[in-house]
$ cat my_file-v7.cif   # mmCIF, C-alpha atoms
data_target
loop_
_atom_site.group_PDB
_atom_site.id
_atom_site.type_symbol
_atom_site.label_atom_id
_atom_site.label_comp_id
_atom_site.auth_asym_id
_atom_site.auth_seq_id
_atom_site.Cartn_x
_atom_site.Cartn_y
_atom_site.Cartn_z
ATOM 1 C CA MET A 30 -6.352 9.413 -12.722
ATOM 2 C CA ALA A 31 -9.574 11.119 -13.759
ATOM 3 C CA GLU A 32 -11.664 8.844 -11.550
ATOM 4 C CA ARG A 33 -9.757 10.074 -8.487
ATOM 5 C CA GLY A 34 -11.302 13.524 -8.931
ATOM 6 C CA ASP A 35 -8.663 15.235 -6.806
ATOM 7 C CA GLU A 36 -5.639 16.185 -8.862
ATOM 8 C CA THR A 37 -4.245 18.122 -5.904
ATOM 9 C CA LEU A 38 -3.747 14.832 -4.044
ATOM 10 C CA VAL A 39 -1.609 13.630 -6.963
ATOM 11 C CA HIS A 40 0.339 16.882 -6.747
ATOM 12 C CA THR A 41 0.907 16.278 -3.014
ATOM 13 C CA LEU A 42 2.088 12.725 -3.748
ATOM 14 C CA LYS A 43 4.591 14.081 -6.263
ATOM 15 C CA LYS A 44 5.857 16.717 -3.824
ATOM 16 C CA VAL A 45 6.458 14.141 -1.083
ATOM 17 C CA ALA A 46 8.214 11.761 -3.490
ATOM 18 C CA ALA A 47 10.432 14.593 -4.728
ATOM 19 C CA VAL A 48 11.429 15.613 -1.183
ATOM 20 C CA LEU A 49 12.175 12.020 -0.177
ATOM 21 C CA LYS A 50 14.237 11.493 -3.346
ATOM 22 C CA GLN A 51 16.167 14.746 -2.870
ATOM 23 C CA SER A 52 16.835 13.825 0.769
ATOM 24 C CA GLU A 53 17.997 10.350 -0.307
ATOM 25 C CA ILE A 54 15.465 8.672 1.963
ATOM 26 C CA PRO A 55 14.452 5.243 0.650
ATOM 27 C CA PHE A 56 10.700 4.877 0.178
ATOM 28 C CA ALA A 57 8.013 2.944 -1.643
ATOM 29 C CA LEU A 58 4.560 4.051 -2.696
ATOM 30 C CA GLY A 59 1.848 1.894 -1.136
ATOM 31 C CA GLY A 60 -1.908 1.911 -0.713
ATOM 32 C CA SER A 61 -4.438 3.026 -3.285
ATOM 33 C CA PHE A 62 -2.018 5.087 -5.356
ATOM 34 C CA ALA A 63 0.244 2.033 -5.699
ATOM 35 C CA VAL A 64 -2.742 0.085 -7.015
ATOM 36 C CA TYR A 65 -3.365 2.921 -9.472
ATOM 37 C CA ALA A 66 0.323 2.946 -10.504
ATOM 38 C CA HIS A 67 -0.002 -0.754 -11.415
ATOM 39 C CA GLY A 68 -3.007 0.056 -13.595
ATOM 40 C CA GLY A 69 -5.640 -1.058 -11.128
ATOM 41 C CA HIS A 70 -8.845 0.406 -9.847
ATOM 42 C CA SER A 71 -8.523 2.338 -6.649
ATOM 43 C CA SER A 72 -9.832 5.297 -4.727
ATOM 44 C CA ASP A 73 -8.919 6.756 -1.388
ATOM 45 C CA HIS A 74 -8.542 9.981 0.550
ATOM 46 C CA ASP A 75 -4.827 9.959 1.322
ATOM 47 C CA VAL A 76 -1.407 8.879 0.099
ATOM 48 C CA ASP A 77 0.647 6.086 1.673
ATOM 49 C CA PHE A 78 4.430 5.866 1.546
ATOM 50 C CA LEU A 79 6.507 3.200 3.268
ATOM 51 C CA ILE A 80 9.759 4.292 4.894
ATOM 52 C CA ARG A 81 12.123 2.683 7.389
ATOM 53 C CA GLN A 82 11.691 3.551 11.056
ATOM 54 C CA GLN A 83 15.242 4.922 11.262
ATOM 55 C CA ASP A 84 14.329 7.431 8.514
ATOM 56 C CA VAL A 85 11.164 8.798 10.161
ATOM 57 C CA ASP A 86 12.757 11.824 11.864
ATOM 58 C CA ARG A 87 14.827 12.728 8.817
ATOM 59 C CA ALA A 88 11.780 12.431 6.542
ATOM 60 C CA LEU A 89 9.638 14.607 8.820
ATOM 61 C CA GLU A 90 12.383 17.210 9.063
ATOM 62 C CA ALA A 91 12.799 17.366 5.270
ATOM 63 C CA LEU A 92 9.048 17.525 4.645
ATOM 64 C CA VAL A 93 8.460 20.225 7.276
ATOM 65 C CA GLU A 94 11.294 22.221 5.727
ATOM 66 C CA ALA A 95 9.485 21.846 2.376
ATOM 67 C CA GLY A 96 6.285 23.331 3.852
ATOM 68 C CA PHE A 97 4.392 20.286 5.107
ATOM 69 C CA THR A 98 2.825 20.081 8.571
ATOM 70 C CA ALA A 99 3.863 16.999 10.579
ATOM 71 C CA GLU A 100 1.840 14.925 13.029
ATOM 72 C CA ARG A 101 2.773 12.015 15.268
ATOM 73 C CA PRO A 102 -0.554 10.249 15.894
ATOM 74 C CA PRO A 103 -1.095 7.804 18.791
ATOM 75 C CA GLU A 104 -0.654 4.853 16.437
ATOM 76 C CA ASP A 105 2.985 3.854 16.715
ATOM 77 C CA TRP A 106 3.346 2.415 13.218
ATOM 78 C CA LEU A 107 3.128 5.628 11.179
ATOM 79 C CA VAL A 108 3.506 9.386 11.103
ATOM 80 C CA LYS A 109 1.554 11.850 8.988
ATOM 81 C CA VAL A 110 2.255 14.980 7.019
ATOM 82 C CA TYR A 111 -0.245 17.420 5.562
ATOM 83 C CA ASP A 112 -0.081 19.593 2.488
ATOM 84 C CA GLU A 113 -2.840 22.202 2.850
ATOM 85 C CA GLY A 114 -5.070 19.609 4.506
ATOM 86 C CA ARG A 115 -4.181 16.748 2.162
ATOM 87 C CA MET A 116 -2.932 13.830 4.264
ATOM 88 C CA VAL A 117 0.080 11.629 3.574
ATOM 89 C CA ASP A 118 0.827 8.607 5.747
ATOM 90 C CA LEU A 119 4.485 7.681 6.218
ATOM 91 C CA ILE A 120 4.230 4.077 7.368
ATOM 92 C CA HIS A 121 7.218 2.380 8.945
ATOM 93 C CA ARG A 122 5.507 -0.749 10.288
ATOM 94 C CA PRO A 123 2.664 -1.950 8.062
ATOM 95 C CA ILE A 124 0.849 -5.080 9.226
ATOM 96 C CA GLU A 125 3.105 -5.188 12.327
ATOM 97 C CA THR A 126 6.188 -5.819 10.187
ATOM 98 C CA PRO A 127 8.969 -3.225 9.965
ATOM 99 C CA VAL A 128 9.866 -1.732 6.596
ATOM 100 C CA THR A 129 13.301 -3.048 5.605
ATOM 101 C CA GLU A 130 15.593 -3.221 2.587
ATOM 102 C CA GLU A 131 13.708 -6.408 1.707
ATOM 103 C CA THR A 132 10.517 -4.337 1.503
ATOM 104 C CA PHE A 133 12.177 -1.996 -0.988
ATOM 105 C CA ALA A 134 13.511 -4.944 -2.984
ATOM 106 C CA ASP A 135 9.873 -5.976 -3.554
ATOM 107 C CA THR A 136 9.040 -2.856 -5.553
ATOM 108 C CA ILE A 137 8.749 -1.924 -9.195
ATOM 109 C CA VAL A 138 9.725 1.520 -10.456
ATOM 110 C CA ARG A 139 6.656 2.956 -12.159
ATOM 111 C CA PRO A 140 5.685 6.402 -13.379
ATOM 112 C CA VAL A 141 3.072 8.120 -11.261
ATOM 113 C CA ASP A 142 1.865 11.200 -13.092
ATOM 114 C CA ALA A 143 5.269 11.562 -14.823
ATOM 115 C CA ILE A 144 7.456 10.947 -11.743
ATOM 116 C CA HIS A 145 9.142 7.565 -11.560
ATOM 117 C CA MET A 146 9.161 6.049 -8.095
ATOM 118 C CA PRO A 147 9.362 2.658 -6.382
ATOM 119 C CA VAL A 148 5.924 1.118 -5.963
ATOM 120 C CA LEU A 149 5.132 -1.929 -3.818
ATOM 121 C CA SER A 150 4.592 -5.023 -5.957
ATOM 122 C CA ALA A 151 1.012 -6.071 -6.642
ATOM 123 C CA SER A 152 1.598 -9.261 -4.622
ATOM 124 C CA GLN A 153 2.854 -7.318 -1.602
ATOM 125 C CA LEU A 154 -0.102 -4.911 -1.858
ATOM 126 C CA MET A 155 -2.473 -7.887 -1.749
ATOM 127 C CA VAL A 156 -0.623 -9.422 1.220
ATOM 128 C CA HIS A 157 -0.807 -6.102 3.098
ATOM 129 C CA LYS A 158 -4.522 -5.761 2.368
ATOM 130 C CA LEU A 159 -5.334 -9.306 3.484
ATOM 131 C CA LEU A 160 -3.252 -9.101 6.655
ATOM 132 C CA SER A 161 -4.976 -5.861 7.613
ATOM 133 C CA PHE A 162 -8.216 -7.821 8.120
ATOM 134 C CA SER A 163 -9.129 -8.595 11.716
ATOM 135 C CA GLN A 164 -12.176 -9.094 13.918
ATOM 136 C CA HIS A 165 -12.457 -5.300 14.055
ATOM 137 C CA TYR A 166 -11.954 -4.599 10.350
ATOM 138 C CA CYS A 167 -12.825 -7.027 7.585
ATOM 139 C CA ASP A 168 -14.080 -5.075 4.589
ATOM 140 C CA PHE A 169 -13.839 -7.411 1.610
ATOM 141 C CA ALA A 170 -15.554 -4.796 -0.562
ATOM 142 C CA ARG A 171 -12.387 -2.658 -0.470
ATOM 143 C CA ALA A 172 -10.076 -5.591 -1.312
ATOM 144 C CA LEU A 173 -12.143 -7.064 -4.138
ATOM 145 C CA PRO A 174 -11.414 -4.274 -6.687
ATOM 146 C CA LEU A 175 -7.683 -4.597 -5.920
ATOM 147 C CA ALA A 176 -7.774 -8.364 -6.494
ATOM 148 C CA ARG A 177 -9.835 -8.082 -9.660
ATOM 149 C CA SER A 178 -7.889 -5.262 -11.256
ATOM 150 C CA LEU A 179 -4.398 -6.622 -10.503
ATOM 151 C CA ARG A 180 -5.066 -10.372 -10.606
ATOM 152 C CA GLU A 181 -2.653 -11.090 -13.474
ATOM 153 C CA GLN A 182 0.184 -9.248 -11.679
ATOM 154 C CA ILE A 183 -0.289 -11.001 -8.327
ATOM 155 C CA ASP A 184 1.619 -14.136 -7.385
ATOM 156 C CA TRP A 185 -1.331 -15.912 -5.768
ATOM 157 C CA GLU A 186 0.715 -18.819 -4.392
ATOM 158 C CA ARG A 187 2.944 -16.299 -2.601
ATOM 159 C CA VAL A 188 -0.127 -14.497 -1.250
ATOM 160 C CA ARG A 189 -1.575 -17.789 0.051
ATOM 161 C CA LYS A 190 1.733 -18.705 1.695
ATOM 162 C CA GLU A 191 2.339 -15.302 3.329
ATOM 163 C CA THR A 192 -1.228 -15.020 4.633
ATOM 164 C CA GLN A 193 -1.870 -18.661 5.598
ATOM 165 C CA HIS A 194 -1.986 -17.846 9.322
ATOM 166 C CA SER A 195 -4.922 -15.448 8.863
ATOM 167 C CA PRO A 196 -8.453 -16.899 8.812
ATOM 168 C CA TYR A 197 -9.682 -13.597 7.340
ATOM 169 C CA ALA A 198 -7.251 -13.843 4.431
ATOM 170 C CA GLU A 199 -8.239 -17.462 3.895
ATOM 171 C CA ALA A 200 -11.915 -16.494 3.773
ATOM 172 C CA PHE A 201 -11.179 -13.780 1.214
ATOM 173 C CA LEU A 202 -9.194 -16.187 -0.961
ATOM 174 C CA VAL A 203 -12.085 -18.666 -0.836
ATOM 175 C CA LEU A 204 -14.379 -15.855 -1.976
ATOM 176 C CA LEU A 205 -12.024 -15.109 -4.888
ATOM 177 C CA ASP A 206 -12.044 -18.817 -5.807
ATOM 178 C CA ARG A 207 -15.849 -18.906 -5.771
ATOM 179 C CA LEU A 208 -16.082 -15.703 -7.856
ATOM 180 C CA ASP A 209 -13.609 -17.062 -10.442
ATOM 181 C CA VAL A 210 -11.336 -14.076 -9.889
ATOM 182 C CA LEU A 211 -8.121 -16.079 -9.621
ATOM 183 C CA PRO A 212 -6.375 -16.904 -12.883
ATOM 184 C CA GLY A 213 -6.203 -20.548 -13.876
ATOM 185 C CA GLY A 214 -9.752 -21.406 -12.926
ATOM 186 C CA ALA A 215 -11.866 -21.055 -9.855
ATOM 187 C CA SER A 216 -9.546 -23.053 -7.601
ATOM 188 C CA GLY A 217 -6.530 -20.789 -8.133
ATOM 189 C CA GLY A 218 -4.325 -23.840 -8.534
ATOM 190 C CA ARG A 219 -5.920 -25.900 -5.742
ATOM 191 C CA GLU A 220 -8.036 -28.990 -6.254
ATOM 192 C CA THR A 221 -11.720 -28.652 -5.492
ATOM 193 C CA PRO A 222 -14.011 -31.508 -4.399
#
$ encode --input "my_file-v7.cif" --output "C-alpha cells"
Amino acid sequence: MAERGDETLVHTLKKVAAVLKQSEIPFALGGSFAVYAHGGHSSDHDVDFLIRQQDVDRALEALVEAGFTAERPPEDWLVKVYDEGRMVDLIHRPIETPVTEETFADTIVRPVDAIHMPVLSASQLMVHKLLSFSQHYCDFARALPLARSLREQIDWERVRKETQHSPYAEAFLVLLDRLDVLPGGASGGRETP
C-alpha cells in the first residue's frame, strides 16, 4: 500500500473492521480499499464499509465507544465516523439499493494489511462504480484504473446485465471495448460490425 502514502488511513480501516467484527456487525469493505484488497490500482481519501441499515445505530454506538466521532450527514444513504480526522463512510444504501445478506454473499474474504475481512467482489465493485454515474457525475477517469487493474476478476457479462438500464454504464463499457480492456478481445464477447 506504499502508493497510498497514508498508512494511518490503513490503521483506521483496521480499527473499524476490528470494532465491527467484535460487535458482530456484518460488513463488507468497499470502495478504493476493496480495489486494493483485490490487487488493483486505487487511491482515495477515505474508507468505505457497507453495513445493513438496521445495524447503523449499533455500529455508530460501538465505534463511538471505541473513540471515533460520529456524523449523520444530510445524505440518507450513509453515516460517517472519524478517527482523528480520517473519514470512514458506513454505507447502507449504495446506488439506491439497500445492503442485504445477498450483498454480503457477494464478497471474498481477503487480507487487508494482515486483517482478514469480507471485501465486495470485483464484479460488484464495477457495478457500483458504473451505476454511480449520472448527468451530474460521470468521471470515467476514476473508473478506468479499476476496470484495467481488475479486468480478469470481473464477470463482464454480469456487469453488462446489472447495468443495462444505465446509458452512462453502457458508454463506459463501449469505451472499454474500444480500448481493448475487456478480456476476450475488443468486443468483450459481443459481435462487432
$ resolve_selection --input "my_file-v7.cif" --expression "the PyMOL selection byres ((chain A and resi 117) around 6)" --output "ChimeraX atom specification"
/A:75-77,109-110,116,118
$ atom_distance --input "my_file-v7.cif" --atom1 "CA of Pro103 in chain A" --atom2 "CA of Ala91 in chain A"
21.6 Å
$ atom_distance --input "my_file-v7.cif" --atom1 "CA of His70 in chain A" --atom2 "CA of Pro174 in chain A"
6.2 Å
$ closest_residue --input "my_file-v7.cif" --among "A:Val188, A:Leu179, A:Leu159, A:Leu49" --to "Phe201 in chain A" --atoms "all atoms listed in the file"
A:Leu159
$ resolve_selection --input "my_file-v7.cif" --expression "the PyMOL selection byres ((chain A and resi 45) around 9)" --output "list in words"
His40, Thr41, Leu42, Lys43, Lys44, Ala46, Ala47, Val48, Leu49, Lys50, Phe78, Leu92, Ala95, Phe97 and Val117 of chain A
$ resolve_selection --input "my_file-v7.cif" --expression "the PyMOL selection byres ((chain A and resi 139-143) around 9)" --output "list in words"
Met30, Val39, His40, Leu42, Lys43, Phe62, Ala63, Tyr65, Ala66, His67, Ile137, Val138, Ile144, His145, Met146, Pro147 and Val148 of chain A
$ residues_around --input "my_file-v7.cif" --residues "range 169-172 of chain A" --least-positions-apart "2" --cutoff "12 Å" --atoms "only C-alpha atoms" --output "ChimeraX atom specification"
/A:60-61,64,69-73,154-163,166-167,174-180,197-205
$ atom_distance --input "my_file-v7.cif" --atom1 "CA of Ser52 in chain A" --atom2 "CA of Ala88 in chain A"
7.8 Å
$ closest_residue --input "my_file-v7.cif" --among "A:Arg81, A:Thr37, A:Phe56, A:Glu131" --to "Asp112 in chain A" --atoms "all atoms listed in the file"
A:Thr37
$ closest_residue --input "my_file-v7.cif" --among "A:Glu94, A:Asp105, A:Glu130, A:Glu181" --to "Val210 in chain A" --atoms "only C-alpha atoms"
A:Glu181
$ closest_residue --input "my_file-v7.cif" --among "A:Leu79, A:Leu149, A:Leu38, A:Val93" --to "His121 in chain A" --atoms "all atoms listed in the file"
A:Leu79
$ closest_residue --input "my_file-v7.cif" --among "A:Ser152, A:Pro127, A:Gln164, A:Phe133" --to "Thr192 in chain A" --atoms "all atoms listed in the file"
A:Ser152
